[in-house]
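A.B. asks: Structure supplied as coords_25.txt; contents: compact mmCIF, C-alpha atoms.
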```txt
# COMPACT_ATOMS: atom_id res chain seq x y z
CA MET U 261 -45.28 7.39 2.01
CA LYS U 262 -45.00 3.80 3.16
CA ASP U 263 -41.99 3.33 0.89
CA LEU U 264 -40.33 6.44 2.30
CA ILE U 265 -40.71 5.15 5.87
CA LYS U 266 -39.42 1.75 4.84
CA MET U 267 -36.41 3.32 3.17
CA PHE U 268 -35.73 5.48 6.21
CA SER U 269 -35.79 2.48 8.57
CA ILE U 270 -33.50 0.43 6.32
CA PHE U 271 -30.87 3.19 6.08
CA PHE U 272 -31.18 3.92 9.80
CA ARG U 273 -30.32 0.28 10.45
CA ILE U 274 -27.41 0.43 8.00
CA GLY U 275 -26.13 3.56 9.74
CA ALA U 276 -26.42 1.94 13.15
CA PHE U 277 -24.23 -0.98 12.14
CA THR U 278 -21.49 0.77 10.15
CA LEU U 279 -18.85 -0.27 12.62
CA GLY U 280 -15.31 -0.51 11.36
CA GLY U 281 -15.68 1.49 8.19
CA GLY U 282 -17.89 1.54 5.14
CA TYR U 283 -16.43 -1.53 3.45
CA ALA U 284 -17.91 -3.75 6.13
CA MET U 285 -21.30 -2.35 5.14
CA ILE U 286 -21.24 -3.27 1.47
CA PRO U 287 -22.77 -6.75 1.94
CA LEU U 288 -25.51 -5.38 4.22
CA ILE U 289 -26.44 -2.57 1.82
CA GLN U 290 -26.38 -5.00 -1.08
CA GLU U 291 -28.68 -7.45 0.70
CA GLU U 292 -31.26 -4.78 1.58
CA ILE U 293 -31.16 -2.63 -1.55
CA VAL U 294 -30.44 -5.05 -4.36
CA GLU U 295 -31.60 -8.47 -3.23
CA LYS U 296 -34.54 -7.96 -0.87
CA ASN U 297 -36.14 -4.77 -2.16
CA LYS U 298 -34.77 -4.69 -5.72
CA TRP U 299 -34.49 -0.89 -5.62
CA ILE U 300 -31.51 -0.88 -7.94
CA GLU U 301 -29.85 -3.63 -9.99
CA GLU U 302 -26.64 -5.46 -9.26
CA ASP U 303 -24.68 -3.67 -12.04
CA GLU U 304 -25.78 -0.24 -10.92
CA PHE U 305 -24.91 -1.16 -7.33
CA MET U 306 -21.33 -1.89 -8.36
CA ASP U 307 -21.23 1.51 -10.10
CA VAL U 308 -22.55 3.17 -6.96
CA ILE U 309 -19.75 1.64 -4.88
CA ALA U 310 -17.10 2.79 -7.37
CA LEU U 311 -18.69 6.22 -7.50
CA SER U 312 -18.86 6.50 -3.72
CA GLN U 313 -15.14 5.90 -3.59
CA THR U 314 -14.43 8.51 -6.25
CA ILE U 315 -16.14 11.44 -4.56
CA PRO U 316 -15.33 12.65 -1.04
CA GLY U 317 -17.29 11.38 1.93
CA ALA U 318 -18.11 8.12 3.64
CA LEU U 319 -18.98 5.16 1.46
CA ALA U 320 -22.18 4.17 3.29
CA ILE U 321 -23.52 7.74 3.29
CA ASN U 322 -22.73 8.36 -0.37
CA ALA U 323 -24.27 5.05 -1.41
CA SER U 324 -27.46 5.67 0.57
CA THR U 325 -27.80 9.24 -0.74
CA TYR U 326 -27.49 7.91 -4.29
CA VAL U 327 -30.11 5.19 -3.79
CA GLY U 328 -32.48 7.64 -2.11
CA TYR U 329 -32.10 10.07 -5.00
CA ARG U 330 -32.69 7.40 -7.65
CA MET U 331 -35.88 6.28 -5.90
CA PHE U 332 -37.57 9.45 -4.71
CA GLY U 333 -35.54 12.38 -6.06
CA PHE U 334 -34.16 15.09 -3.79
CA LYS U 335 -36.37 14.34 -0.79
CA GLY U 336 -35.37 10.68 -1.03
CA ALA U 337 -31.69 11.65 -1.01
CA LEU U 338 -32.17 13.91 2.00
CA LEU U 339 -34.13 11.26 3.89
CA ALA U 340 -31.66 8.44 3.12
CA CYS U 341 -28.65 10.58 4.05
CA THR U 342 -30.25 11.70 7.34
CA ALA U 343 -31.29 8.15 8.22
CA THR U 344 -27.75 6.87 7.70
CA ILE U 345 -25.97 9.49 9.82
CA LEU U 346 -28.62 9.79 12.57
CA PRO U 347 -27.55 6.74 14.64
CA SER U 348 -23.93 7.92 14.86
CA ILE U 349 -24.95 11.47 15.72
CA LEU U 350 -27.23 10.28 18.55
CA MET U 351 -24.62 7.88 19.88
CA ILE U 352 -21.82 10.48 19.85
CA LEU U 353 -24.04 13.09 21.50
CA LEU U 354 -24.74 10.64 24.30
CA ILE U 355 -21.01 9.96 24.72
CA ALA U 356 -20.07 13.64 24.42
CA VAL U 357 -22.41 14.56 27.27
CA PHE U 358 -20.80 11.98 29.58
CA PHE U 359 -17.26 12.42 28.26
CA VAL U 360 -17.19 16.09 29.10
CA GLN U 361 -18.34 15.25 32.64
CA PHE U 362 -16.18 12.23 33.43
CA HIS U 363 -13.02 12.80 31.44
CA GLN U 364 -11.10 14.27 34.40
CA MET U 365 -11.67 11.22 36.65
CA PRO U 366 -8.40 9.30 37.31
CA ALA U 367 -9.98 5.92 36.44
CA VAL U 368 -11.23 7.21 33.09
CA GLU U 369 -7.83 8.75 32.35
CA ALA U 370 -6.18 5.38 33.14
CA VAL U 371 -8.47 3.63 30.66
CA PHE U 372 -7.58 6.14 27.96
CA LYS U 373 -3.86 5.86 28.76
CA GLY U 374 -4.23 2.23 27.73
CA ILE U 375 -6.44 2.99 24.75
CA ARG U 376 -4.27 5.72 23.17
CA PRO U 377 -1.42 3.39 22.15
CA ALA U 378 -4.07 0.98 20.81
CA VAL U 379 -5.17 3.75 18.44
CA VAL U 380 -1.62 3.92 17.05
CA ALA U 381 -1.75 0.16 16.50
CA LEU U 382 -5.13 0.40 14.72
CA ILE U 383 -3.75 3.07 12.40
CA ILE U 384 -0.60 1.05 11.59
CA GLY U 385 -2.85 -1.98 11.02
CA ALA U 386 -4.88 0.03 8.49
CA VAL U 387 -1.72 1.10 6.67
CA LEU U 388 -0.54 -2.52 6.43
CA LYS U 389 -3.93 -3.64 5.10
CA LEU U 390 -4.32 -0.85 2.56
CA GLY U 391 -0.68 -1.14 1.55
CA LYS U 392 -1.34 -4.64 0.26
CA ASN U 393 -3.50 -3.30 -2.57
CA LEU U 394 -1.13 -0.55 -3.63
CA PRO U 395 1.43 -1.54 -6.29
CA ARG U 396 4.91 -1.47 -4.72
CA THR U 397 6.48 0.82 -7.28
CA ALA U 398 9.32 3.22 -6.49
CA LYS U 399 6.99 6.07 -7.51
CA ASN U 400 4.32 5.11 -4.95
CA LEU U 401 6.77 4.46 -2.11
CA THR U 402 8.55 7.76 -2.71
CA TRP U 403 5.26 9.63 -2.73
CA ILE U 404 4.11 8.01 0.54
CA LEU U 405 7.39 9.04 2.16
CA ILE U 406 7.16 12.61 0.86
CA VAL U 407 3.59 12.96 2.14
CA VAL U 408 4.57 11.65 5.58
CA VAL U 409 7.49 14.08 5.83
CA LEU U 410 5.40 17.02 4.58
CA ILE U 411 2.53 16.39 7.03
CA ALA U 412 4.15 14.87 10.12
CA TYR U 413 7.34 16.93 10.14
CA PHE U 414 6.68 20.13 8.17
CA HIS U 415 3.01 20.37 9.22
CA ILE U 416 1.83 21.22 5.71
CA HIS U 417 -1.97 21.44 5.39
CA PRO U 418 -3.35 18.17 3.91
CA ILE U 419 -5.70 19.88 1.42
CA PRO U 420 -2.94 21.18 -0.91
CA ILE U 421 -1.32 17.74 -0.62
CA ILE U 422 -4.49 15.98 -1.82
CA ILE U 423 -4.91 18.43 -4.70
CA GLY U 424 -1.20 18.19 -5.58
CA SER U 425 -1.34 14.38 -5.55
CA GLY U 426 -4.31 14.37 -7.90
CA LEU U 427 -2.57 16.78 -10.29
CA LEU U 428 0.62 14.74 -10.15
CA GLY U 429 -1.29 11.55 -11.01
CA PHE U 430 -2.91 13.32 -13.95
CA VAL U 431 0.37 14.78 -15.27
CA LEU U 432 2.30 11.49 -14.93
CA TYR U 433 -0.50 9.65 -16.71
CA ARG U 434 -0.43 12.11 -19.61
CA ARG U 435 3.32 11.82 -19.91
CA GLU U 436 3.15 8.01 -19.89
CA ARG U 437 0.70 8.18 -22.76
CA GLY U 438 2.81 10.72 -24.62
CA LEU U 439 0.05 13.35 -24.65
CA MET G 139 -16.82 35.11 13.34
CA ASN G 140 -19.90 33.45 14.73
CA THR G 141 -18.85 30.16 16.38
CA ILE G 142 -21.63 28.06 14.82
CA LEU G 143 -20.75 29.33 11.36
CA GLU G 144 -17.07 28.67 12.03
CA ILE G 145 -17.85 25.06 13.04
CA PHE G 146 -19.97 24.62 9.92
CA ILE G 147 -17.33 25.98 7.52
CA THR G 148 -14.45 24.08 9.16
CA PHE G 149 -16.24 20.74 8.87
CA MET G 150 -17.44 21.54 5.37
CA LYS G 151 -13.77 21.85 4.41
CA ILE G 152 -12.98 18.54 6.11
CA GLY G 153 -15.96 16.78 4.50
CA GLY G 154 -15.16 18.16 1.06
CA PHE G 155 -11.71 16.59 1.09
CA SER G 156 -12.42 13.30 2.82
CA PHE G 157 -11.02 10.93 0.24
CA GLY G 158 -9.82 7.45 1.06
CA GLY G 159 -11.77 6.66 4.20
CA GLY G 160 -11.84 8.04 7.71
CA LEU G 161 -8.29 7.39 8.91
CA ALA G 162 -6.81 9.28 5.95
CA MET G 163 -8.71 12.32 7.17
CA LEU G 164 -7.07 12.41 10.58
CA PRO G 165 -4.23 14.81 9.62
CA LEU G 166 -6.77 17.20 8.10
CA ILE G 167 -9.08 17.01 11.13
CA GLU G 168 -6.10 17.44 13.47
CA LYS G 169 -4.80 20.45 11.53
CA GLU G 170 -8.16 22.21 11.64
CA VAL G 171 -9.55 21.13 15.02
CA VAL G 172 -6.45 20.78 17.23
CA ILE G 173 -3.91 23.16 15.72
CA ASN G 174 -5.85 25.94 13.96
CA HIS G 175 -8.95 26.26 16.17
CA GLN G 176 -7.76 24.50 19.35
CA TRP G 177 -11.22 23.06 19.92
CA LEU G 178 -9.66 19.78 21.16
CA THR G 179 -6.40 19.03 22.96
CA ALA G 180 -4.02 16.46 21.44
CA LYS G 181 -5.16 13.93 24.06
CA GLU G 182 -8.85 14.55 23.41
CA PHE G 183 -8.19 14.13 19.69
CA VAL G 184 -6.69 10.66 20.21
CA ASP G 185 -9.53 9.74 22.59
CA ILE G 186 -12.18 10.75 20.08
CA ILE G 187 -10.50 8.53 17.45
CA ALA G 188 -10.83 5.61 19.86
CA ILE G 189 -14.47 6.49 20.54
CA ALA G 190 -15.17 6.83 16.82
CA GLU G 191 -13.71 3.37 16.22
CA MET G 192 -16.02 1.88 18.82
CA THR G 193 -19.24 3.57 17.72
CA PRO G 194 -21.08 3.30 14.40
CA GLY G 195 -20.49 5.84 11.67
CA PRO G 196 -17.54 7.43 9.91
CA ILE G 197 -14.81 9.15 11.92
CA ALA G 198 -15.45 12.50 10.23
CA ILE G 199 -19.12 12.49 11.29
CA ASN G 200 -18.34 11.32 14.82
CA THR G 201 -15.65 13.97 15.26
CA SER G 202 -17.78 16.76 13.84
CA THR G 203 -20.70 15.94 16.14
CA PHE G 204 -18.42 15.62 19.17
CA VAL G 205 -16.44 18.80 18.52
CA GLY G 206 -19.57 20.75 17.61
CA TYR G 207 -21.21 19.70 20.87
CA LYS G 208 -18.14 20.46 22.97
CA VAL G 209 -17.67 23.93 21.49
CA ALA G 210 -21.27 25.09 21.13
CA GLY G 211 -23.74 22.51 22.53
CA TYR G 212 -26.50 20.94 20.43
CA PRO G 213 -26.59 23.67 17.74
CA GLY G 214 -22.83 23.18 17.33
CA ALA G 215 -23.25 19.41 16.99
CA LEU G 216 -25.87 19.96 14.30
CA ALA G 217 -23.71 22.53 12.45
CA GLY G 218 -20.73 20.16 12.51
CA SER G 219 -22.67 17.13 11.27
CA ILE G 220 -24.42 19.01 8.47
CA GLY G 221 -21.20 20.79 7.47
CA VAL G 222 -19.22 17.57 7.16
CA THR G 223 -21.93 15.90 5.04
CA ILE G 224 -23.14 18.68 2.76
CA ILE G 225 -20.45 18.62 0.04
CA SER G 226 -20.55 14.90 -0.59
CA PHE G 227 -24.36 15.04 -0.45
CA MET G 228 -24.48 17.62 -3.23
CA LEU G 229 -21.79 15.85 -5.27
CA VAL G 230 -23.66 12.52 -5.09
CA ILE G 231 -26.83 14.19 -6.37
CA LEU G 232 -24.95 15.95 -9.17
CA VAL G 233 -23.26 12.74 -10.20
CA ALA G 234 -26.50 10.74 -9.96
CA ARG G 235 -28.08 13.28 -12.32
CA TYR G 236 -25.37 14.00 -14.83
CA PHE G 237 -22.05 12.28 -14.60
CA LEU G 238 -22.42 8.63 -13.71
CA LYS G 239 -19.92 7.89 -16.47
CA ILE G 240 -17.24 10.19 -15.07
CA LYS G 241 -15.84 7.40 -12.91
CA ASP G 242 -14.84 5.40 -15.99
CA ALA G 243 -12.90 8.24 -17.55
CA LYS G 244 -9.16 7.47 -17.75
CA GLU G 245 -8.38 10.97 -16.49
CA THR G 246 -10.36 10.34 -13.28
CA LYS G 247 -8.47 7.10 -12.76
CA ALA G 248 -5.15 8.90 -13.31
CA VAL G 249 -6.00 11.50 -10.69
CA PHE G 250 -6.79 8.77 -8.18
CA GLU G 251 -3.60 6.91 -8.97
CA GLY G 252 -1.89 10.01 -7.61
CA ILE G 253 -4.15 10.35 -4.59
CA ARG G 254 -3.94 6.72 -3.46
CA PRO G 255 -0.32 6.74 -2.22
CA ALA G 256 -1.02 10.14 -0.62
CA VAL G 257 -3.87 8.52 1.33
CA LEU G 258 -1.46 5.94 2.75
CA GLY G 259 0.99 8.72 3.58
CA MET G 260 -1.74 10.66 5.39
CA ILE G 261 -2.78 7.64 7.45
CA LEU G 262 0.85 7.00 8.37
CA SER G 263 1.27 10.66 9.39
CA ALA G 264 -1.78 10.27 11.64
CA GLY G 265 -0.07 7.28 13.25
CA ILE G 266 3.06 9.35 13.93
CA SER G 267 1.07 12.25 15.31
CA VAL G 268 -1.08 10.04 17.56
CA GLY G 269 2.08 8.25 18.69
CA ARG G 270 3.53 11.53 19.95
CA THR G 271 0.56 11.84 22.31
CA ALA G 272 0.01 8.17 23.10
CA PHE G 273 3.53 6.95 23.87
CA ILE G 274 4.24 8.20 27.37
CA ASP G 275 6.41 5.31 28.64
CA TYR G 276 7.56 1.78 27.69
CA LYS G 277 4.24 0.32 28.89
CA SER G 278 2.30 2.25 26.26
CA VAL G 279 4.65 1.05 23.50
CA LEU G 280 4.09 -2.50 24.73
CA ILE G 281 0.30 -2.06 24.57
CA ALA G 282 0.57 -0.77 20.97
CA LEU G 283 2.68 -3.77 19.90
CA LEU G 284 0.27 -6.16 21.60
CA VAL G 285 -2.76 -4.61 19.89
CA LEU G 286 -1.02 -4.51 16.49
CA PHE G 287 -0.23 -8.22 16.84
CA SER G 288 -3.82 -9.03 17.88
CA ILE G 289 -5.50 -7.19 14.99
CA HIS G 290 -2.98 -7.90 12.26
CA LYS G 291 -1.97 -11.49 12.99
CA LEU G 292 -4.85 -12.82 15.12
CA LYS G 293 -7.50 -10.80 13.21
CA LEU G 294 -9.15 -9.72 16.45
CA HIS G 295 -11.96 -7.19 16.03
CA PRO G 296 -10.71 -3.60 16.60
CA ILE G 297 -13.44 -2.93 19.17
CA LEU G 298 -12.30 -5.87 21.28
CA SER G 299 -8.68 -4.69 20.99
CA ILE G 300 -9.63 -1.21 22.20
CA LEU G 301 -11.62 -2.62 25.12
CA GLY G 302 -8.69 -4.88 26.01
CA ALA G 303 -6.29 -1.94 25.88
CA GLY G 304 -8.62 0.02 28.16
CA ALA G 305 -8.58 -2.83 30.67
CA LEU G 306 -4.77 -2.93 30.48
CA GLY G 307 -4.78 0.81 31.13
CA ILE G 308 -6.62 0.28 34.43
CA LEU G 309 -4.24 -2.52 35.44
CA LEU G 310 -1.05 -0.66 34.54
CA TYR G 311 -1.78 2.94 35.49
```
Starting from the file, lay out its structure as structure tokens.
C.D. replies:
Amino acid sequence: MKDLIKMFSIFFRIGAFTLGGGYAMIPLIQEEIVEKNKWIEEDEFMDVIALSQTIPGALAINASTYVGYRMFGFKGALLACTATILPSILMILLIAVFFVQFHQMPAVEAVFKGIRPAVVALIIGAVLKLGKNLPRTAKNLTWILIVVVLIAYFHIHPIPIIIGSGLLGFVLYRRERGL
Amino acid sequence: MNTILEIFITFMKIGGFSFGGGLAMLPLIEKEVVINHQWLTAKEFVDIIAIAEMTPGPIAINTSTFVGYKVAGYPGALAGSIGVTIISFMLVILVARYFLKIKDAKETKAVFEGIRPAVLGMILSAGISVGRTAFIDYKSVLIALLVLFSIHKLKLHPILSILGAGALGILLY
């Protein structure tokens, strides 16, 4: 019981500080889970990170669900997952309540008129950062362009695009290997 | 269909396909929430992205809670948050039990080699779509360039950039 409460409070804290995406959280999770509490080993932690990137969902939530499951089975997974998402849910609820009330005020609208272009800049910034890790092959660049045209101009639903991209990767890989 | 159930199923779809981090999910969220269900206006959608960037937690969770609350109050918020989490939750448990080795399989890697450029394409599409709402005059383009410079070259924290842009908004509008 004491361990369950401890785990809950650790993941609650991790959830409360996941600002700016899951990657920022990796050192914090590592410190709490691997180094301080020794709940899982360094090697397994690296596997968990890779795994969390392979399946859908947020990195921090997937990683905490995994650790919770390894430690206390299903109830551990449920507890860890809840603890990680609870801070954001509470925070957003608080904002939603006020947002709905104040959104029509001219001053608030002025603030958001300034913020909206900043969101475009943040998104472009993310593309530039992620683009650094992607090999600059003709194949990749063409595919990026096709996806942009399909989504932004033809308004194709993203789900078939994700599935199609996965299939394409698989097929191209098999052809490269001559299978 | 019952609204709560509709919120749950919509966000389950979004959660089940959220590969590649929050920003890559924006086109999917926009398609479902703004275009198909019209739960948010285009402006509200951009505003919630800004709010999600300033508060803890992934964009998908933040959006699901916000939209759920706006459409159907607290039960809606709960339905949205659980819906967006449930698929990855079950997949993590399955993988933890049976398939930890699946990630090393060459086939899995091949699939993700295909998805990775698509993720960049999706993020870029989100930028274009947000731009259509955000760019209302030359001042807004100027703000975007300023913020891009501050985060990309000066490595300023995104939260500070958003706050700064908000302050500029008050000054300019």
A.B. asks: Determine the nearest neighbour of Met260 of chain G from the options G:Ser156, G:Thr141, G:Gln176, G:Asn200, counting all atoms listed in the file.
C.D. replies: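 Closest to Met260 of chain G of all the choices is G:Ser156.
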A.B. asks: Fewer than 2 positions away in the same chain doesn't count, so skip those; otherwise give me all residues within 12 Å of Leu178 of chain G, counting only C-alpha atoms, as an NGL selection string.
C.D. replies: (:U and (360)) or (:G and (167-176 or 180-187 or 201-202 or 204-209))
A.B. asks: Could you produce a table of the residues of chain G lying within 6 Å of chain U, with the nearest pair of atoms per residue and their separation in Å rounded to one decimal, using only C-alpha atoms, ordered by chain and increasing residue number, as CSV?
C.D. replies:
```
residue,atom,partner,partner_atom,distance
G:Gly154,CA,U:Pro316,CA,5.9
G:Phe155,CA,U:Pro316,CA,5.8
G:Ser156,CA,U:Pro316,CA,4.9
G:Phe157,CA,U:Pro316,CA,4.8
G:Leu166,CA,U:Pro418,CA,5.5
G:Pro194,CA,U:Leu279,CA,4.6
G:Gly195,CA,U:Ser348,CA,5.1
G:Phe204,CA,U:Ala356,CA,5.8
G:Ser226,CA,U:Gly317,CA,5.4
G:Ala248,CA,U:Phe430,CA,5.0
G:Val249,CA,U:Gly426,CA,4.3
G:Glu251,CA,U:Gly429,CA,5.6
G:Gly252,CA,U:Gly429,CA,3.8
G:Ile253,CA,U:Ser425,CA,5.0
G:Pro255,CA,U:Ile404,CA,5.4
G:Ala256,CA,U:Ile404,CA,5.7
G:Gly259,CA,U:Ile404,CA,4.4
G:Ser263,CA,U:Val408,CA,5.1
G:Gly265,CA,U:Val380,CA,5.3
G:Gly269,CA,U:Val380,CA,5.9
G:Ala272,CA,U:Arg376,CA,4.9
G:Ser278,CA,U:Pro377,CA,5.7
G:Ala282,CA,U:Pro377,CA,4.8
G:Val285,CA,U:Ala378,CA,5.8
G:Leu286,CA,U:Ala381,CA,4.7
G:Ile300,CA,U:Ile375,CA,5.9
G:Ala303,CA,U:Gly374,CA,5.0
G:Gly304,CA,U:Val371,CA,4.4
G:Leu306,CA,U:Gly374,CA,5.9
G:Gly307,CA,U:Gly374,CA,3.7
G:Ile308,CA,U:Ala370,CA,5.3
G:Tyr311,CA,U:Ala370,CA,5.6
```
